[in-house]
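**Q** Here you go, coords.cif (mmCIF, C-alpha atoms and all ligand atoms):
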```
data_protein
loop_
_atom_site.label_atom_id
_atom_site.label_comp_id
_atom_site.auth_asym_id
_atom_site.auth_seq_id
_atom_site.Cartn_x
_atom_site.Cartn_y
_atom_site.Cartn_z
CA MET L 271 122.67 80.57 92.27
CA THR L 272 122.93 77.68 89.82
CA ALA L 273 119.66 76.48 88.36
CA ALA L 274 120.43 73.06 89.91
CA VAL L 275 119.30 74.31 93.31
CA SER L 276 115.80 73.11 94.17
CA TRP L 277 113.47 74.65 96.77
CA ASP L 278 110.38 73.21 98.45
CA ILE L 279 108.08 75.70 100.22
CA PHE L 280 105.37 74.36 102.54
CA CYS L 281 102.44 76.72 103.11
CA ASN L 282 99.57 75.89 105.43
CA VAL L 283 96.92 78.60 104.89
CA VAL L 284 95.89 79.76 108.38
CA ASP L 285 93.21 82.14 107.17
CA HIS L 286 92.93 85.07 104.78
CA PHE L 287 95.39 85.44 101.92
CA GLY L 288 98.72 86.50 103.31
CA ASP L 289 100.33 83.13 104.03
CA VAL L 290 99.86 82.01 100.45
CA GLY L 291 100.27 85.58 99.18
CA VAL L 292 103.81 85.83 100.54
CA SER L 293 104.73 82.21 99.72
CA TRP L 294 103.53 82.60 96.14
CA ARG L 295 105.41 85.88 95.68
CA LEU L 296 108.58 84.31 97.13
CA ALA L 297 108.28 81.18 94.95
CA ARG L 298 107.88 83.24 91.76
CA GLN L 299 110.84 85.41 92.65
CA LEU L 300 113.16 82.49 93.48
CA HIS L 301 112.41 80.99 90.08
CA ALA L 302 112.38 84.17 87.98
CA GLU L 303 115.35 85.96 89.55
CA HIS L 304 117.49 83.14 90.92
CA GLY L 305 116.87 80.32 88.46
CA ALA L 306 115.65 78.02 91.20
CA ARG L 307 113.45 74.98 90.64
CA VAL L 308 110.62 75.62 93.08
CA ARG L 309 107.79 73.42 94.36
CA LEU L 310 105.14 75.20 96.41
CA PHE L 311 103.01 72.85 98.57
CA VAL L 312 99.74 74.55 99.62
CA ASP L 313 96.92 72.87 101.53
CA ASP L 314 94.17 75.32 100.54
CA LEU L 315 94.11 75.73 96.76
CA GLU L 316 90.69 77.39 96.90
CA THR L 317 92.17 80.41 98.68
CA PHE L 318 95.16 80.27 96.36
CA HIS L 319 92.79 80.37 93.37
CA VAL L 320 91.19 83.60 94.68
CA LEU L 321 94.65 85.13 94.78
CA CYS L 322 95.76 83.70 91.44
CA ALA L 323 93.06 82.58 89.01
CA ASP L 324 95.62 80.56 87.02
CA VAL L 325 95.83 78.11 89.94
CA SER L 326 93.23 75.35 89.61
CA PRO L 327 91.95 74.02 92.97
CA ALA L 328 91.23 70.68 91.30
CA LEU L 329 94.79 69.75 90.34
CA GLU L 330 97.18 67.77 92.54
CA SER L 331 100.08 69.24 90.58
CA GLN L 332 100.34 72.12 88.13
CA GLU L 333 102.92 74.56 86.86
CA VAL L 334 102.14 78.30 87.02
CA ALA L 335 104.71 81.03 86.27
CA GLY L 336 107.48 78.43 86.27
CA VAL L 337 106.61 77.22 89.78
CA THR L 338 105.36 73.69 90.43
CA ILE L 339 102.31 74.03 92.66
CA ARG L 340 101.41 70.90 94.62
CA LYS L 341 98.28 70.31 96.63
CA TRP L 342 99.55 69.55 100.13
CA THR L 343 97.67 66.38 100.95
CA SER L 344 98.27 63.83 103.68
CA PRO L 345 99.94 61.47 103.00
CA LEU L 346 102.01 63.50 100.54
CA SER L 347 103.98 62.08 97.62
CA PHE L 348 107.01 64.30 97.15
CA GLY L 349 109.75 62.27 95.43
CA ASP L 350 113.10 63.56 96.70
CA PRO L 351 113.35 66.45 99.15
CA ALA L 352 114.74 69.68 97.72
CA ASP L 353 118.14 71.24 98.43
CA VAL L 354 116.34 73.93 100.46
CA ALA L 355 113.09 73.36 102.37
CA ILE L 356 111.08 76.26 103.77
CA ASP L 357 108.37 75.90 106.44
CA ALA L 358 106.38 79.09 105.84
CA PHE L 359 104.76 80.83 108.81
CA GLY L 360 104.75 77.96 111.20
CA SER L 361 103.88 75.32 108.61
CA ARG L 362 105.61 72.01 109.29
CA ALA L 363 106.89 69.76 106.51
CA PRO L 364 105.47 66.21 106.88
CA GLU L 365 107.32 63.68 109.03
CA ALA L 366 108.02 61.49 105.98
CA TYR L 367 109.61 64.48 104.30
CA LEU L 368 111.87 65.05 107.31
CA GLU L 369 112.88 61.39 107.25
CA ALA L 370 113.77 61.72 103.56
CA MET L 371 115.75 64.88 104.32
CA ALA L 372 117.67 63.01 107.03
CA ARG L 373 118.51 60.19 104.59
CA ARG L 374 120.18 62.55 102.10
CA ARG L 375 123.95 62.30 102.09
CA HIS L 376 124.09 66.09 102.50
CA ALA L 377 121.20 67.35 104.63
CA PRO L 378 119.12 70.06 102.90
CA VAL L 379 119.06 73.61 104.22
CA TRP L 380 115.90 73.77 106.32
CA ILE L 381 114.33 77.16 107.11
CA ASN L 382 111.49 78.29 109.34
CA LEU L 383 110.22 81.46 107.65
CA GLU L 384 108.58 83.55 110.36
CA TYR L 385 105.96 86.30 110.18
CA LEU L 386 107.17 89.85 109.53
CA SER L 387 107.78 92.00 112.63
CA ALA L 388 109.48 95.28 113.56
CA GLU L 389 110.03 94.15 117.16
CA ASP L 390 113.60 94.22 118.48
CA TRP L 391 113.64 90.64 119.79
CA ILE L 392 113.48 89.10 116.30
CA GLU L 393 117.04 90.20 115.63
CA ASP L 394 118.25 87.86 118.41
CA CYS L 395 116.37 84.95 116.82
CA HIS L 396 117.10 85.60 113.16
CA ARG L 397 119.26 82.83 111.56
CA VAL L 398 119.37 80.91 114.87
CA PRO L 399 119.73 77.13 114.31
CA SER L 400 117.48 74.67 116.10
CA ARG L 401 118.39 70.96 116.12
CA HIS L 402 115.68 68.43 115.40
CA PRO L 403 115.21 66.17 118.45
CA ARG L 404 115.39 62.90 116.49
CA PHE L 405 116.80 63.54 113.00
CA PRO L 406 120.27 64.88 112.13
CA LEU L 407 118.63 68.03 110.84
CA VAL L 408 118.90 71.71 111.77
CA ARG L 409 116.08 74.17 111.16
CA HIS L 410 117.08 77.84 110.96
CA PHE L 411 114.76 80.63 112.03
CA PHE L 412 114.56 83.32 109.36
CA PHE L 413 112.76 86.54 110.20
CA PRO L 414 111.61 89.06 107.59
CA GLY L 415 112.14 92.52 109.01
CA PHE L 416 113.16 96.13 108.64
CA THR L 417 116.78 96.08 109.86
CA GLU L 418 120.07 94.63 108.66
CA ASN L 419 119.91 91.94 111.35
CA THR L 420 116.78 90.50 109.73
CA GLY L 421 115.92 88.98 106.36
CA GLY L 422 114.44 92.17 104.91
CA VAL L 423 111.16 92.16 102.98
CA LEU L 424 110.08 90.85 99.59
CA CYS L 425 110.77 93.13 96.63
CA GLU L 426 110.95 92.03 93.02
CA ARG L 427 114.00 93.25 91.13
CA ASP L 428 111.90 95.38 88.75
CA LEU L 429 109.33 96.70 91.22
CA VAL L 430 110.85 100.17 91.65
CA THR L 431 111.22 100.61 87.89
CA GLN L 432 107.68 99.34 87.24
CA ARG L 433 106.24 101.81 89.76
CA ARG L 434 108.28 104.70 88.39
CA ASP L 435 107.22 103.89 84.80
CA PHE L 436 103.57 103.66 85.85
CA LEU L 437 103.63 106.97 87.72
CA GLY L 438 105.41 108.66 84.80
CA ASP L 439 102.85 107.46 82.25
CA ALA L 440 99.52 109.30 82.42
CA SER L 441 98.05 106.88 79.89
CA ALA L 442 98.86 103.93 82.17
CA ARG L 443 96.85 105.49 84.98
CA ALA L 444 93.99 106.26 82.56
CA ARG L 445 94.07 102.63 81.34
CA LEU L 446 93.76 101.48 84.92
CA TRP L 447 90.47 103.38 85.44
CA GLN L 448 89.24 102.15 82.06
CA ALA L 449 90.05 98.59 83.08
CA TRP L 450 87.90 99.16 86.17
CA GLY L 451 85.13 100.50 83.93
CA MET L 452 85.24 103.81 85.76
CA VAL L 453 85.82 107.47 85.06
CA PRO L 454 88.54 108.92 87.32
CA PRO L 455 87.29 111.40 89.96
CA PRO L 456 87.80 115.14 89.41
CA ASP L 457 91.29 116.57 90.05
CA GLY L 458 91.74 117.51 93.69
CA THR L 459 89.90 114.39 94.89
CA SER L 460 91.85 112.21 97.35
CA VAL L 461 91.89 108.64 96.03
CA ILE L 462 92.01 106.10 98.86
CA SER L 463 92.28 102.29 98.52
CA LEU L 464 90.55 100.37 101.30
CA PHE L 465 91.58 96.86 102.36
CA GLY L 466 91.27 95.62 105.94
CA TYR L 467 89.53 93.28 108.36
CA GLY L 468 86.44 95.48 108.83
CA GLY L 469 84.76 96.57 112.05
CA PRO L 470 82.99 99.65 113.42
CA ALA L 471 85.82 102.07 112.57
CA VAL L 472 85.01 101.60 108.86
CA PRO L 473 81.55 103.25 108.82
CA ALA L 474 82.74 105.81 111.38
CA LEU L 475 85.61 106.91 109.15
CA LEU L 476 83.52 106.87 105.98
CA ARG L 477 80.94 109.10 107.65
CA ALA L 478 83.72 111.48 108.66
CA TRP L 479 84.89 111.54 105.02
CA ALA L 480 81.33 112.14 103.80
CA GLU L 481 80.93 115.07 106.20
CA GLY L 482 84.37 116.45 105.36
CA SER L 483 85.19 119.48 103.23
CA GLU L 484 87.44 117.59 100.77
CA PRO L 485 86.18 115.15 98.10
CA VAL L 486 87.28 111.55 98.71
CA CYS L 487 87.08 108.65 96.27
CA VAL L 488 87.35 105.32 98.10
CA LEU L 489 88.22 102.22 96.06
CA VAL L 490 87.25 98.95 97.75
CA PRO L 491 88.24 95.62 96.18
CA GLU L 492 85.65 92.94 96.94
CA SER L 493 86.72 91.51 100.30
CA ARG L 494 85.51 91.17 103.87
CA ILE L 495 85.70 94.93 104.61
CA LEU L 496 83.06 95.72 101.98
CA PRO L 497 79.88 95.10 104.05
CA ASP L 498 81.05 97.50 106.81
CA ALA L 499 81.78 100.15 104.16
CA LEU L 500 78.39 99.63 102.50
CA SER L 501 76.53 99.97 105.81
CA VAL L 502 76.97 103.77 105.47
CA PHE L 503 74.73 103.55 102.40
CA GLY L 504 72.21 101.16 103.94
CA ARG L 505 73.50 98.25 101.91
CA THR L 506 74.96 94.89 102.98
CA GLU L 507 76.41 93.74 99.67
CA ALA L 508 77.44 95.06 96.25
CA HIS L 509 79.23 93.90 93.16
CA ALA L 510 82.35 95.16 91.42
CA GLY L 511 81.55 98.24 89.33
CA GLU L 512 78.88 99.56 91.70
CA ARG L 513 79.29 103.11 92.99
CA PHE L 514 77.82 104.89 96.01
CA GLY L 515 77.78 108.62 96.86
CA LEU L 516 77.18 110.53 100.08
CA ASP L 517 78.16 114.23 100.23
CA ALA L 518 81.98 114.41 99.89
CA LEU L 519 82.29 110.60 99.73
CA ASP L 520 82.40 108.66 96.44
CA LEU L 521 82.80 104.92 97.08
CA ARG L 522 83.45 102.49 94.25
CA VAL L 523 83.61 98.69 94.39
CA LEU L 524 86.44 97.00 92.48
CA PRO L 525 86.89 93.34 91.66
CA PHE L 526 89.53 91.62 93.77
CA GLN L 527 92.72 92.44 91.87
CA THR L 528 95.55 90.20 90.75
CA GLN L 529 98.68 90.81 92.82
CA PRO L 530 100.23 92.94 90.04
CA GLY L 531 96.90 94.73 89.62
CA TYR L 532 96.79 95.42 93.34
CA ASP L 533 100.24 97.04 93.12
CA ARG L 534 98.89 99.38 90.43
CA LEU L 535 95.90 100.23 92.62
CA LEU L 536 98.30 101.10 95.45
CA TRP L 537 100.50 103.20 93.14
CA ALA L 538 97.47 105.09 91.77
CA SER L 539 96.08 105.90 95.22
CA ASP L 540 96.93 108.90 97.41
CA CYS L 541 96.51 106.81 100.57
CA ASN L 542 96.38 103.05 101.08
CA PHE L 543 94.59 101.20 103.87
CA VAL L 544 96.19 97.76 104.05
CA ARG L 545 96.32 94.78 106.40
CA GLY L 546 98.24 91.67 107.47
CA GLU L 547 101.69 91.28 105.97
CA ASP L 548 101.92 91.25 102.19
CA SER L 549 99.66 94.22 101.36
CA PHE L 550 101.33 96.04 104.27
CA VAL L 551 104.71 95.64 102.56
CA ARG L 552 103.33 96.45 99.10
CA ALA L 553 101.90 99.73 100.45
CA GLN L 554 105.34 100.66 101.79
CA TRP L 555 106.84 100.13 98.33
CA ALA L 556 104.02 102.25 96.84
CA GLU L 557 105.27 105.18 99.02
CA SER L 558 101.85 106.82 99.41
CA PRO L 559 100.81 107.41 103.04
CA PHE L 560 99.48 104.09 104.37
CA VAL L 561 97.38 102.81 107.27
CA TRP L 562 97.97 99.32 108.63
CA ASN L 563 95.16 97.11 109.93
CA ILE L 564 97.24 94.56 111.79
CA TYR L 565 96.11 90.95 112.07
CA ALA L 566 94.68 90.69 115.59
CA GLN L 567 96.25 88.11 117.88
CA GLU L 568 95.19 86.43 121.11
CA GLY L 569 95.68 88.55 124.19
CA GLY L 570 96.38 91.69 122.15
CA ALA L 571 99.93 90.65 121.22
CA HIS L 572 99.46 92.50 117.90
CA TRP L 573 99.53 95.90 119.67
CA ALA L 574 103.21 95.55 120.53
CA LYS L 575 103.88 94.64 116.90
CA MET L 576 101.99 97.69 115.64
CA HIS L 577 103.69 100.12 118.02
CA ALA L 578 107.09 98.60 117.32
CA PHE L 579 106.59 99.28 113.63
CA VAL L 580 105.40 102.89 114.17
CA THR L 581 108.45 103.56 116.37
CA ARG L 582 110.90 102.08 113.87
CA TYR L 583 109.16 103.58 110.79
CA GLY L 584 108.78 106.95 112.56
CA ALA L 585 112.52 107.50 113.09
CA GLY L 586 113.20 110.67 111.09
CA LEU L 587 109.65 112.02 111.48
CA ASP L 588 109.03 114.71 114.10
CA ASP L 589 107.27 113.68 117.33
CA ASP L 590 103.95 115.28 116.36
CA ALA L 591 103.91 113.36 113.09
CA ILE L 592 104.72 110.05 114.78
CA ALA L 593 102.00 110.73 117.36
CA ALA L 594 99.47 111.47 114.61
CA VAL L 595 100.31 108.23 112.77
CA ARG L 596 100.24 106.20 115.97
CA GLU L 597 96.91 107.66 117.15
CA PHE L 598 95.11 107.26 113.84
CA TRP L 599 96.37 103.69 113.43
CA ARG L 600 95.37 102.96 117.03
CA LEU L 601 91.80 104.19 116.50
CA TRP L 602 91.55 102.31 113.19
CA ASN L 603 92.74 99.08 114.77
CA ARG L 604 90.72 99.39 117.98
CA GLY L 605 87.46 99.86 116.03
CA GLU L 606 86.72 103.48 117.01
CA THR L 607 82.98 104.03 116.57
CA SER L 608 82.86 107.83 116.77
CA ALA L 609 82.99 109.59 113.40
CA SER L 610 84.08 112.84 115.07
CA VAL L 611 86.91 111.19 117.02
CA ILE L 612 88.32 109.17 114.13
CA GLY L 613 87.60 112.06 111.74
CA ALA L 614 89.74 114.44 113.82
CA ALA L 615 92.54 111.86 113.99
CA TRP L 616 92.27 111.33 110.22
CA ARG L 617 92.62 115.09 109.54
CA ARG L 618 95.72 115.25 111.75
CA PHE L 619 97.16 112.25 109.86
CA TRP L 620 96.10 113.49 106.41
CA ASN L 621 97.51 116.99 106.95
CA LEU L 622 100.90 115.25 107.07
CA ARG L 623 100.49 113.58 103.67
CA ASP L 624 103.31 115.50 101.94
CA ASP L 625 105.73 114.87 104.84
CA LEU L 626 104.72 111.19 104.92
CA ARG L 627 105.21 110.75 101.19
CA ALA L 628 108.71 112.27 101.43
CA HIS L 629 109.44 110.14 104.51
CA ASN L 630 108.25 107.00 102.72
CA ALA L 631 110.74 107.57 99.90
CA ALA L 632 113.54 107.59 102.49
CA TRP L 633 112.00 104.56 104.25
CA THR L 634 111.95 102.46 101.09
CA ALA L 635 115.52 103.50 100.26
CA GLY L 636 116.46 102.05 103.64
CA LEU L 637 114.52 98.86 102.91
CA ARG L 638 116.29 98.43 99.57
CA ALA L 639 119.65 98.75 101.31
CA LEU L 640 118.80 95.63 103.38
CA GLY L 641 118.57 93.45 100.27
CA ASP L 642 115.25 91.75 99.49
CA LEU L 643 113.98 88.72 101.39
CA ALA L 644 114.29 86.28 98.48
CA GLY L 645 117.89 87.32 97.74
CA ASN L 646 118.77 87.13 101.43
CA LEU L 647 117.27 83.64 101.67
CA VAL L 648 119.29 82.56 98.62
CA ARG L 649 122.54 83.94 100.05
CA PHE L 650 121.88 82.29 103.41
CA SER L 651 121.05 78.94 101.81
CA VAL L 652 123.79 78.78 99.17
CA GLU L 653 126.37 79.36 101.94
CA ARG L 654 125.10 76.13 103.54
CA LEU L 655 124.57 73.88 100.56
O1 LIG F 701 94.95 88.43 103.73
P1 LIG F 701 95.73 88.91 104.90
O2 LIG F 701 94.96 89.37 106.06
O3 LIG F 701 96.71 87.75 105.38
C1 LIG F 701 97.06 87.63 106.75
C2 LIG F 701 98.49 88.08 106.92
O4 LIG F 701 99.33 87.36 106.05
C3 LIG F 701 98.93 87.82 108.35
O5 LIG F 701 100.33 88.06 108.47
C4 LIG F 701 98.66 86.37 108.73
O6 LIG F 701 98.96 86.21 110.09
C5 LIG F 701 97.22 86.06 108.48
O7 LIG F 701 96.90 86.28 107.11
C6 LIG F 701 96.94 84.61 108.81
O8 LIG F 701 96.65 90.12 104.46
P2 LIG F 701 97.89 90.21 103.49
O9 LIG F 701 99.10 89.62 104.14
O10 LIG F 701 97.97 91.60 103.03
O11 LIG F 701 97.52 89.29 102.24
C7 LIG F 701 96.56 89.75 101.31
C8 LIG F 701 97.01 89.34 99.93
O12 LIG F 701 96.00 89.65 98.97
C9 LIG F 701 98.25 90.12 99.48
O13 LIG F 701 99.11 89.25 98.77
C10 LIG F 701 97.70 91.16 98.53
C11 LIG F 701 96.58 90.39 97.90
N1 LIG F 701 95.51 91.18 97.28
C12 LIG F 701 95.30 90.99 95.93
O14 LIG F 701 96.03 90.22 95.28
N2 LIG F 701 94.28 91.67 95.32
C13 LIG F 701 93.47 92.53 96.01
O15 LIG F 701 92.55 93.12 95.41
C14 LIG F 701 93.71 92.72 97.42
C15 LIG F 701 92.84 93.68 98.17
C16 LIG F 701 94.74 92.02 98.03
#
```
Let me see the structure of the file written as structure tokens.
Ligand code: TRH
**A**
Amino acid sequence: MTAAVSWDIFCNVVDHFGDVGVSWRLARQLHAEHGARVRLFVDDLETFHVLCADVSPALESQEVAGVTIRKWTSPLSFGDPADVAIDAFGSRAPEAYLEAMARRRHAPVWINLEYLSAEDWIEDCHRVPSRHPRFPLVRHFFFPGFTENTGGVLCERDLVTQRRDFLGDASARARLWQAWGMVPPPDGTSVISLFGYGGPAVPALLRAWAEGSEPVCVLVPESRILPDALSVFGRTEAHAGERFGLDALDLRVLPFQTQPGYDRLLWASDCNFVRGEDSFVRAQWAESPFVWNIYAQEGGAHWAKMHAFVTRYGAGLDDDAIAAVREFWRLWNRGETSASVIGAAWRRFWNLRDDLRAHNAAWTAGLRALGDLAGNLVRFSVERL
């Protein structure tokens, strides 16, 4: 794509980090790998600053990593609309922006970037045009996904190489623990990263790990899951660097990582508990066994999304393995309170770790064959410019 192509991404932060997490990753990739001029409009720069400390919440406009970050205010001064406009996750570009788009001699490519799903129905909606009722504009649905009839998922061009280099370099892993100010656990300890929405399944599972026969080192970046994890130790809060022990369980608090730092945490862990959308995808690229805490939706709509993913991801695994993944993920997401119940389901899941790691390598090879989301968006848009 020629560097002349400009992109505007509108991101309204619903809650948590994923809306801006995905939009920020996409914006950086469009600039770095496709030479695009990118403006990223975000309404909540405070949340953005947690995710990327280089972003100042106080600035109306700033450039970070080659991307122009604009505070999405109302009214919004935006100059000329870009060649490609993306409404991220249900965000809606301002009316004045749409009017400016409609005035352009050649209407911009306008995309509605949807949330990631493994459900079948998204394939029927992917790339479908929708005419604006008043302006001569067409907005195209674009669904990230796990099949060739979707937009694929985000993956930086050098991610696979970076992971391979990290895993092949013992000193890199040692430097990671040093950076955390920690001594790595003894060999034979299962290292587990813990990120999720919290709830009663957290202390139940940690108690099961404490009572287990195998040593477990749980790494918890400071986030909303931490208080539920600390409740096992009679604590309600803790700071990065603190460490807690109970029988076979060694729990350590990490600072919230940068996105690249979080990738390294995922690569260094034997199992990754993730949530939402972006960390969920990053754990897949890390190829360790992973557990997904799905973002809960009204009326339980998230259950269909979770089961659809397990079914699609499980193709190639034997039925017992798929059942073990599905059951453990179900108990984790439903907030199972019994340590013995979730502990038994964990052991069934964890006994599969070697099969799951091998399966994950095949799964990511399939994802790479789809093309990455940023590249697919560029191909779709350039065809229409
Ligand atoms: O924060 P999330 O729960 O965001 C969610 C999802 O995006 C979901 O799809 C959406 O509906 C909801 O918001 C409104 O989970 P997610 O998507 O994993 O985003 C977390 C981001 O935080 C991700 O980019 C990884 C990043 N992260 C770090 O950078 N450092 C860390 O230490 C950790 C734990 C996460």
**Q** Distance cut-off 9 Å, centre (113.4, 93.9, 110.7) in file coordinates, counting only C-alpha atoms: which residues qualify? Return them as JSON, numbers by chain.
**A** {"L": [386, 387, 388, 389, 390, 392, 393, 413, 414, 415, 416, 417, 418, 419, 420, 421, 422, 423]}
**Q** Pick out the residues no farther than 7 Å from ligand LIG 701 (chain F), counting all atoms listed in the file, and list them as a list in words.
**A** Val284, Asp285, His286, Phe287, Gly288, Asp289, Gly291, Val292, Leu321, Tyr385, Phe465, Pro491, Ser493, Pro525, Phe526, Gln527, Thr528, Gln529, Gly531, Tyr532, Val544, Arg545, Gly546, Glu547, Asp548, Ser549, Phe550 and Tyr565 of chain L
**Q** Just the selected residues (C-alpha atoms), exported as a compact mmCIF listing (two decimals), in the frame of the given file, please.
**A**
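See out-v6.txt below for the written result:
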```
# COMPACT_ATOMS: atom_id res chain seq x y z
CA VAL L 284 95.89 79.76 108.38
CA ASP L 285 93.21 82.14 107.17
CA HIS L 286 92.93 85.07 104.78
CA PHE L 287 95.39 85.44 101.92
CA GLY L 288 98.72 86.50 103.31
CA ASP L 289 100.33 83.13 104.03
CA GLY L 291 100.27 85.58 99.18
CA VAL L 292 103.81 85.83 100.54
CA LEU L 321 94.65 85.13 94.78
CA TYR L 385 105.96 86.30 110.18
CA PHE L 465 91.58 96.86 102.36
CA PRO L 491 88.24 95.62 96.18
CA SER L 493 86.72 91.51 100.30
CA PRO L 525 86.89 93.34 91.66
CA PHE L 526 89.53 91.62 93.77
CA GLN L 527 92.72 92.44 91.87
CA THR L 528 95.55 90.20 90.75
CA GLN L 529 98.68 90.81 92.82
CA GLY L 531 96.90 94.73 89.62
CA TYR L 532 96.79 95.42 93.34
CA VAL L 544 96.19 97.76 104.05
CA ARG L 545 96.32 94.78 106.40
CA GLY L 546 98.24 91.67 107.47
CA GLU L 547 101.69 91.28 105.97
CA ASP L 548 101.92 91.25 102.19
CA SER L 549 99.66 94.22 101.36
CA PHE L 550 101.33 96.04 104.27
CA TYR L 565 96.11 90.95 112.07
```
**Q** Leaving out L:Trp562 and any residue of its chain fewer than 6 positions from it, which residues lie within 12 Å of it when counting all atoms listed in the file, given as a ChimeraX atom specification?
**A** /L:463-467,541-554,572-573,575-577,579-580,595-604
**Q** Would you save the residues of that selection, restricted to C-alpha atoms, as a short mmCIF file (atom, residue, chain, number, x, y, z; two decimals), in the frame of the given file?
**A**
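Saved to out.cif:
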```
data_model
loop_
_atom_site.label_atom_id
_atom_site.label_comp_id
_atom_site.auth_asym_id
_atom_site.auth_seq_id
_atom_site.Cartn_x
_atom_site.Cartn_y
_atom_site.Cartn_z
CA SER L 463 92.28 102.29 98.52
CA LEU L 464 90.55 100.37 101.30
CA PHE L 465 91.58 96.86 102.36
CA GLY L 466 91.27 95.62 105.94
CA TYR L 467 89.53 93.28 108.36
CA CYS L 541 96.51 106.81 100.57
CA ASN L 542 96.38 103.05 101.08
CA PHE L 543 94.59 101.20 103.87
CA VAL L 544 96.19 97.76 104.05
CA ARG L 545 96.32 94.78 106.40
CA GLY L 546 98.24 91.67 107.47
CA GLU L 547 101.69 91.28 105.97
CA ASP L 548 101.92 91.25 102.19
CA SER L 549 99.66 94.22 101.36
CA PHE L 550 101.33 96.04 104.27
CA VAL L 551 104.71 95.64 102.56
CA ARG L 552 103.33 96.45 99.10
CA ALA L 553 101.90 99.73 100.45
CA GLN L 554 105.34 100.66 101.79
CA HIS L 572 99.46 92.50 117.90
CA TRP L 573 99.53 95.90 119.67
CA LYS L 575 103.88 94.64 116.90
CA MET L 576 101.99 97.69 115.64
CA HIS L 577 103.69 100.12 118.02
CA PHE L 579 106.59 99.28 113.63
CA VAL L 580 105.40 102.89 114.17
CA VAL L 595 100.31 108.23 112.77
CA ARG L 596 100.24 106.20 115.97
CA GLU L 597 96.91 107.66 117.15
CA PHE L 598 95.11 107.26 113.84
CA TRP L 599 96.37 103.69 113.43
CA ARG L 600 95.37 102.96 117.03
CA LEU L 601 91.80 104.19 116.50
CA TRP L 602 91.55 102.31 113.19
CA ASN L 603 92.74 99.08 114.77
CA ARG L 604 90.72 99.39 117.98
#
```
**Q** Report, in Å with one decimal, the straight-line distance from atom CA of L:Ile462 to atom CA of L:Ala591.
**A** 19.9 Å
**Q** Figure out the distance between atom CA of L:Ala538 and atom CA of L:Arg443, please, to one decimal in Å.
**A**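 Pair atom CA of L:Arg443 / atom CA of L:Ala538 returns 6.8 Å.
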**Q** Interatomic distance between atom CA of L:Arg295 and atom CA of L:Asp394?
**A**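 The value is 26.2 Å.
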**Q** Per residue of stretch 282-308 of chain L within 9 Å of stretch 337-345 of chain L, which atom pair is closest and at what distance in Å (one decimal), using all atoms listed in the file, listed by chain and increasing number, as a tab-separated table?
**A**
```
residue	atom	partner	partner_atom	distance
L:Asn282	CA	L:Trp342	CA	8.3
L:Trp294	CA	L:Val337	CA	8.9
L:Ala297	CA	L:Val337	CA	6.7
L:Arg298	CA	L:Val337	CA	6.5
L:His301	CA	L:Val337	CA	6.9
L:Arg307	CA	L:Val337	CA	7.2
L:Val308	CA	L:Val337	CA	5.4
```
**Q** Write out, as a tab-separated table, each residue of stretch 418-515 of chain L that has an atom at most 6 Å from stretch 608-629 of chain L, together with the closest pair of atoms and their distance in Å to one decimal, counting only C-alpha atoms, rows going by chain and rising number.
**A**
```
residue	atom	partner	partner_atom	distance
L:Ala474	CA	L:Ala609	CA	4.3
L:Leu475	CA	L:Ala609	CA	5.7
L:Ala478	CA	L:Gly613	CA	5.0
```
**Q** Save the residues we just selected, C-alpha atoms, as an mmCIF file, in the coordinates of the input?
**A**
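Everything below was put into selection_4.cif:
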```cif
data_model
loop_
_atom_site.group_PDB
_atom_site.id
_atom_site.type_symbol
_atom_site.label_atom_id
_atom_site.label_comp_id
_atom_site.auth_asym_id
_atom_site.auth_seq_id
_atom_site.Cartn_x
_atom_site.Cartn_y
_atom_site.Cartn_z
ATOM 1 C CA ALA L 474 82.740 105.810 111.380
ATOM 2 C CA LEU L 475 85.610 106.910 109.150
ATOM 3 C CA ALA L 478 83.720 111.480 108.660
#
```
**Q** Between L:Ala566, L:Leu296, L:Leu446, L:Ala510, which is the closest to L:Leu424 once you count only C-alpha atoms?
**A**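 Under the stated criterion, the closest residue is L:Leu296.
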**Q** For each of L:Ala585, L:Leu496, L:Ala358, L:Ala302, take the minimum atom-to-atom distance to L:Val283, counting all atoms listed in the file, then give the residue where this is smallest.
**A** L:Ala358
